[in-house]
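File shown: query.cif (mmCIF, C-alpha atoms).
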data_upload
loop_
_atom_site.label_atom_id
_atom_site.label_comp_id
_atom_site.auth_asym_id
_atom_site.auth_seq_id
_atom_site.Cartn_x
_atom_site.Cartn_y
_atom_site.Cartn_z
CA ILE A 244 0.00 0.00 0.00
CA ALA A 245 2.83 2.43 0.88
CA GLY A 246 4.52 1.81 -2.45
CA PRO A 247 7.70 3.86 -2.96
CA TYR A 248 7.63 5.27 0.58
CA VAL A 249 8.47 1.95 2.24
CA ALA A 250 12.24 2.11 1.69
CA GLY A 251 12.60 5.63 0.33
CA PRO A 252 15.47 7.92 1.25
CA SER A 253 13.50 9.67 3.99
CA VAL A 254 12.90 6.36 5.80
CA VAL A 255 16.62 5.56 5.67
CA ALA A 256 17.54 9.08 6.83
CA ALA A 257 15.06 8.93 9.72
CA ALA A 258 16.44 5.56 10.83
CA SER A 259 19.96 6.96 10.71
CA LEU A 260 18.93 9.99 12.76
CA ARG A 261 17.15 7.79 15.30
CA SER A 262 20.34 5.77 15.78
CA HIS A 263 22.01 8.91 17.20
CA LEU A 264 19.33 9.65 19.81
CA PRO A 265 20.91 7.50 22.57
CA THR A 266 24.13 9.54 22.33
CA ILE A 267 22.34 12.78 23.30
CA THR A 268 22.66 13.08 27.06
CA SER A 269 20.41 16.09 27.64
CA SER A 270 16.80 14.98 27.90
CA ASP A 271 15.57 18.37 26.63
CA THR A 272 17.80 18.24 23.57
CA ARG A 273 16.93 14.61 22.90
CA ALA A 274 13.22 15.52 23.06
CA PHE A 275 13.65 18.31 20.48
CA VAL A 276 15.62 16.05 18.14
CA GLU A 277 13.19 13.16 18.55
CA GLU A 278 10.25 15.46 17.76
CA ALA A 279 12.14 16.77 14.71
CA ILE A 280 12.59 13.20 13.48
CA ARG A 281 8.89 12.46 13.97
CA CYS A 282 8.00 15.60 12.02
CA PHE A 283 10.44 14.61 9.26
CA GLU A 284 8.85 11.17 9.07
CA ALA A 285 5.40 12.79 8.81
CA LYS A 286 6.69 15.06 5.99
CA LEU A 287 6.22 18.17 8.17
CA LEU A 288 9.46 19.56 6.86
CA ARG A 289 9.29 23.17 8.10
CA VAL A 290 8.57 22.03 11.62
CA ALA A 291 11.34 19.43 11.37
CA ILE A 292 13.80 22.15 10.34
CA VAL A 293 12.80 24.46 13.19
CA LEU A 294 13.02 21.69 15.79
CA SER A 295 16.35 20.52 14.33
CA TRP A 296 17.67 24.06 14.74
CA VAL A 297 16.49 24.21 18.35
CA GLY A 298 18.10 20.82 19.00
CA ALA A 299 21.38 21.91 17.37
CA LEU A 300 21.50 25.11 19.43
CA SER A 301 20.75 23.13 22.56
CA LEU A 302 23.71 20.82 21.86
CA ILE A 303 26.02 23.78 21.28
CA TYR A 304 24.77 25.56 24.43
CA ASP A 305 25.47 22.41 26.47
CA HIS A 306 28.97 22.12 25.00
CA VAL A 307 29.81 25.77 25.68
CA VAL A 308 28.53 25.59 29.28
CA ALA A 309 30.47 22.38 29.95
CA HIS A 310 33.75 23.23 28.21
CA ASN A 311 34.06 26.85 27.05
CA LEU A 312 32.05 29.13 29.30
CA ALA A 313 34.99 31.29 30.45
CA ALA A 314 36.24 31.73 26.88
CA PHE A 315 32.71 32.53 25.68
CA ASN A 316 32.25 35.20 28.35
CA ALA A 317 35.66 36.74 27.58
CA GLU A 318 34.86 36.94 23.86
CA ALA A 319 31.36 38.29 24.53
CA LYS A 320 32.86 41.04 26.72
CA LYS A 321 35.26 42.00 23.92
CA ARG A 322 32.28 42.46 21.63
CA ASP A 323 30.00 44.10 24.19
CA PRO A 324 31.59 45.71 27.27
CA LYS A 325 28.18 45.62 29.00
CA TRP A 326 28.01 41.80 28.74
CA LYS A 327 27.23 40.13 32.06
CA ASP A 328 28.87 36.73 32.36
CA ALA A 329 26.67 33.80 31.44
CA THR A 330 26.61 31.02 34.00
CA SER A 331 24.10 28.70 32.31
CA ARG A 332 22.33 27.96 29.04
CA ASP A 333 19.83 30.70 29.83
CA GLY A 334 22.66 33.20 30.05
CA LEU A 335 23.93 32.17 26.63
CA ALA A 336 20.46 32.73 25.19
CA ARG A 337 20.74 36.46 25.99
CA VAL A 338 22.89 36.91 22.88
CA LYS A 339 21.27 36.74 19.43
CA GLU A 340 21.78 33.46 17.60
CA HIS A 341 23.91 35.01 14.86
CA GLU A 342 26.22 36.60 17.41
CA PHE A 343 26.29 33.36 19.40
CA LEU A 344 27.59 31.52 16.32
CA GLN A 345 30.17 34.25 15.71
CA ILE A 346 31.46 33.97 19.27
CA CYS A 347 31.53 30.16 19.06
CA HIS A 348 33.63 30.43 15.92
CA ALA A 349 35.96 32.97 17.54
CA ILE A 350 36.65 30.64 20.49
CA SER A 351 37.04 27.58 18.20
CA VAL A 352 33.89 25.77 19.27
CA LEU A 353 32.75 25.83 15.64
CA GLY A 354 34.86 25.79 12.52
CA LYS A 355 34.24 28.33 9.78
CA ASN A 356 32.45 25.88 7.47
CA VAL A 357 30.09 24.67 10.22
CA LYS A 358 29.38 28.24 11.33
CA ASP A 359 28.68 29.29 7.74
CA GLU A 360 26.37 26.30 7.22
CA LEU A 361 24.46 27.04 10.42
CA GLU A 362 24.07 30.68 9.47
#
Translate this structure into structure tokens?
Amino acid sequence: IAGPYVAGPSVVAAASLRSHLPTITSSDTRAFVEEAIRCFEAKLLRVAIVLSWVGALSLIYDHVVAHNLAAFNAEAKKRDPKWKDATSRDGLARVKEHEFLQICHAISVLGKNVKDELE
């Protein structure tokens, strides 16, 4: 009944994405990514893209908080002398997403190609 959709590329891609879910330690991030996969499987592509973006940002926020928070705050202060140090993910969210990516690139959390692709 499903015809060409049974083993189409989207089914293979969704299965591949699902295989990465257990590696995501943050339950919030995992929930966003899992919902994005469900939306992708249902062909709700705009929603899948938005949720994928939220999931990607969540992963980067977690990485910065765990490994690069001091460097992030130092770079943010260089760019904005009024910057108050972030101490959590919520603090990182005070900066606009574009500027967040720029700072992450400046402190070597993201390479240029990844930053450009995310922008």
Residues within 9 Å of His341 of chain A, all atoms listed in the file, excluding chain neighbours under 4 positions, as a PDB file with C-alpha atoms, keeping the file's coordinate frame:
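Resulting contents of around_39.pdb:
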ATOM      1  CA  GLN A 345      30.170  34.250  15.710  1.00  0.00           C
ATOM      2  CA  ILE A 346      31.460  33.970  19.270  1.00  0.00           C
ATOM      3  CA  GLU A 362      24.070  30.680   9.470  1.00  0.00           C
TER       4      GLU A 362
END
Worksheet item: Between A:Leu300, A:Ala257, A:Ala319, A:Ala329, which is the closest to Leu353 of chain A once you count all atoms listed in the file?
Response: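 Answer, going by the shortest atom-to-atom distance: A:Leu300.
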Discussion item. From the options A:Phe275, A:Ile267, A:Phe283, A:His348, which residue's atoms come nearest to Asn311 of chain A, counting only C-alpha atoms?
Written reply: A:His348
Discussion item. Report, in Å with one decimal, the straight-line distance from atom CA of Gly298 of chain A to atom CA of Asp323 of chain A.
Written reply: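 Pair atom CA of Gly298 of chain A / atom CA of Asp323 of chain A returns 26.7 Å.
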Practice prompt. Write out as a list in words each polymer residue whose atoms come within 8 Å of Ser295 of chain A, counting all atoms listed in the file; drop sequence neighbours fewer than 3 positions from it.
Written response: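 Final neighbour list, sorted by chain and number: Phe275, Val276, Ala279, Ala291, Ile292, Gly298 and Ala299 of chain A.
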Worksheet item: In Å, with one decimal, what is the gap from atom CA of Lys355 of chain A to atom CA of Val297 of chain A?
Response: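 Computing the Euclidean distance for atom CA of Lys355 of chain A and atom CA of Val297 of chain A yields 20.1 Å.
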Worksheet entry | All residues 9 Å or closer to segment 260-262 of chain A, all atoms listed in the file, same chain fewer than 3 positions away omitted, as an MDAnalysis selection string | chainID A and resid 255:257 265:266 276:277 280
Discussion item. For a test of reading the model, state the distance in Å between atom CA of Ile303 of chain A and atom CA of Cys347 of chain A, rounded to one decimal.
Written reply: 8.7 Å
Fill in: Nearest to Thr330 of chain A, chosen from A:Arg273, A:Val352, A:Val307, A:Phe343, with all atoms listed in the file counted in the distances
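Distance minimum relative to Thr330 of chain A lands on A:Val307.
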Worksheet item: Residues picked by the PyMOL selection byres ((chain A and resi 328) around 9) here, as an MDAnalysis selection string?
Response: chainID A and resid 312:313 315:317 319:320 326:327 329:330 334:335
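Of the listed residues A:Ser259, A:Glu318, A:Ala336, A:Ser253, the one whose atoms come nearest to Cys282 of chain A is A:Ser253, with distances taken using all atoms listed in the file.
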Centre and edges of the segment 252-262 of chain A box, axis-aligned, 4 Å extra per side, as JSON:
{"center_x": 16.6, "center_y": 7.8, "center_z": 8.5, "size_x": 15.4, "size_y": 12.4, "size_z": 22.5}
Start from the incomplete input, build N, CA and C atoms for segment 250-278 of chain A, and deliver everything as a JSON list (two decimals), keeping the file's coordinate frame.
[["chain", "number", "residue", "atom", "x", "y", "z"],
["A", 250, "ALA", "N", 10.78, 2.09, 1.49],
["A", 250, "ALA", "CA", 12.24, 2.11, 1.69],
["A", 250, "ALA", "C", 12.85, 3.33, 1.02],
["A", 251, "GLY", "N", 12.10, 4.41, 0.96],
["A", 251, "GLY", "CA", 12.60, 5.63, 0.33],
["A", 251, "GLY", "C", 13.71, 6.26, 1.14],
["A", 252, "PRO", "N", 14.36, 7.27, 0.56],
["A", 252, "PRO", "CA", 15.47, 7.92, 1.25],
["A", 252, "PRO", "C", 15.09, 8.53, 2.59],
["A", 253, "SER", "N", 13.87, 9.05, 2.72],
["A", 253, "SER", "CA", 13.50, 9.67, 3.99],
["A", 253, "SER", "C", 13.40, 8.64, 5.11],
["A", 254, "VAL", "N", 12.98, 7.42, 4.80],
["A", 254, "VAL", "CA", 12.90, 6.36, 5.80],
["A", 254, "VAL", "C", 14.31, 5.99, 6.27],
["A", 255, "VAL", "N", 15.23, 5.89, 5.35],
["A", 255, "VAL", "CA", 16.62, 5.56, 5.67],
["A", 255, "VAL", "C", 17.25, 6.69, 6.49],
["A", 256, "ALA", "N", 17.00, 7.93, 6.10],
["A", 256, "ALA", "CA", 17.54, 9.08, 6.83],
["A", 256, "ALA", "C", 16.98, 9.13, 8.24],
["A", 257, "ALA", "N", 15.68, 8.90, 8.39],
["A", 257, "ALA", "CA", 15.06, 8.93, 9.72],
["A", 257, "ALA", "C", 15.64, 7.83, 10.61],
["A", 258, "ALA", "N", 15.85, 6.65, 10.05],
["A", 258, "ALA", "CA", 16.44, 5.56, 10.83],
["A", 258, "ALA", "C", 17.86, 5.91, 11.26],
["A", 259, "SER", "N", 18.60, 6.54, 10.38],
["A", 259, "SER", "CA", 19.96, 6.96, 10.71],
["A", 259, "SER", "C", 19.95, 8.00, 11.82],
["A", 260, "LEU", "N", 19.05, 8.97, 11.72],
["A", 260, "LEU", "CA", 18.93, 9.99, 12.76],
["A", 260, "LEU", "C", 18.53, 9.37, 14.10],
["A", 261, "ARG", "N", 17.60, 8.44, 14.06],
["A", 261, "ARG", "CA", 17.15, 7.79, 15.30],
["A", 261, "ARG", "C", 18.29, 7.05, 15.98],
["A", 262, "SER", "N", 19.23, 6.52, 15.20],
["A", 262, "SER", "CA", 20.34, 5.77, 15.78],
["A", 262, "SER", "C", 21.24, 6.66, 16.64],
["A", 263, "HIS", "N", 21.19, 7.98, 16.43],
["A", 263, "HIS", "CA", 22.01, 8.91, 17.20],
["A", 263, "HIS", "C", 21.33, 9.39, 18.49],
["A", 264, "LEU", "N", 20.05, 9.17, 18.63],
["A", 264, "LEU", "CA", 19.33, 9.65, 19.81],
["A", 264, "LEU", "C", 19.95, 9.19, 21.14],
["A", 265, "PRO", "N", 20.35, 7.93, 21.27],
["A", 265, "PRO", "CA", 20.91, 7.50, 22.57],
["A", 265, "PRO", "C", 22.20, 8.23, 22.97],
["A", 266, "THR", "N", 22.87, 8.85, 22.01],
["A", 266, "THR", "CA", 24.13, 9.54, 22.33],
["A", 266, "THR", "C", 23.89, 10.95, 22.87],
["A", 267, "ILE", "N", 22.66, 11.44, 22.80],
["A", 267, "ILE", "CA", 22.34, 12.78, 23.30],
["A", 267, "ILE", "C", 22.00, 12.66, 24.78],
["A", 268, "THR", "N", 22.84, 13.25, 25.62],
["A", 268, "THR", "CA", 22.66, 13.08, 27.06],
["A", 268, "THR", "C", 21.59, 13.98, 27.67],
["A", 269, "SER", "N", 21.41, 15.16, 27.11],
["A", 269, "SER", "CA", 20.41, 16.09, 27.64],
["A", 269, "SER", "C", 19.02, 15.63, 27.23],
["A", 270, "SER", "N", 18.15, 15.44, 28.21],
["A", 270, "SER", "CA", 16.80, 14.98, 27.90],
["A", 270, "SER", "C", 16.02, 16.02, 27.10],
["A", 271, "ASP", "N", 16.24, 17.31, 27.39],
["A", 271, "ASP", "CA", 15.57, 18.37, 26.63],
["A", 271, "ASP", "C", 15.99, 18.35, 25.17],
["A", 272, "THR", "N", 17.29, 18.27, 24.94],
["A", 272, "THR", "CA", 17.80, 18.24, 23.57],
["A", 272, "THR", "C", 17.31, 17.00, 22.84],
["A", 273, "ARG", "N", 17.38, 15.86, 23.51],
["A", 273, "ARG", "CA", 16.93, 14.61, 22.90],
["A", 273, "ARG", "C", 15.45, 14.72, 22.51],
["A", 274, "ALA", "N", 14.64, 15.36, 23.36],
["A", 274, "ALA", "CA", 13.22, 15.52, 23.06],
["A", 274, "ALA", "C", 13.01, 16.37, 21.81],
["A", 275, "PHE", "N", 13.77, 17.48, 21.68],
["A", 275, "PHE", "CA", 13.65, 18.31, 20.48],
["A", 275, "PHE", "C", 14.04, 17.53, 19.23],
["A", 276, "VAL", "N", 15.14, 16.79, 19.31],
["A", 276, "VAL", "CA", 15.62, 16.05, 18.14],
["A", 276, "VAL", "C", 14.65, 14.92, 17.80],
["A", 277, "GLU", "N", 14.14, 14.24, 18.81],
["A", 277, "GLU", "CA", 13.19, 13.16, 18.55],
["A", 277, "GLU", "C", 11.91, 13.70, 17.90],
["A", 278, "GLU", "N", 11.44, 14.84, 18.37],
["A", 278, "GLU", "CA", 10.25, 15.46, 17.76],
["A", 278, "GLU", "C", 10.55, 15.89, 16.33]]
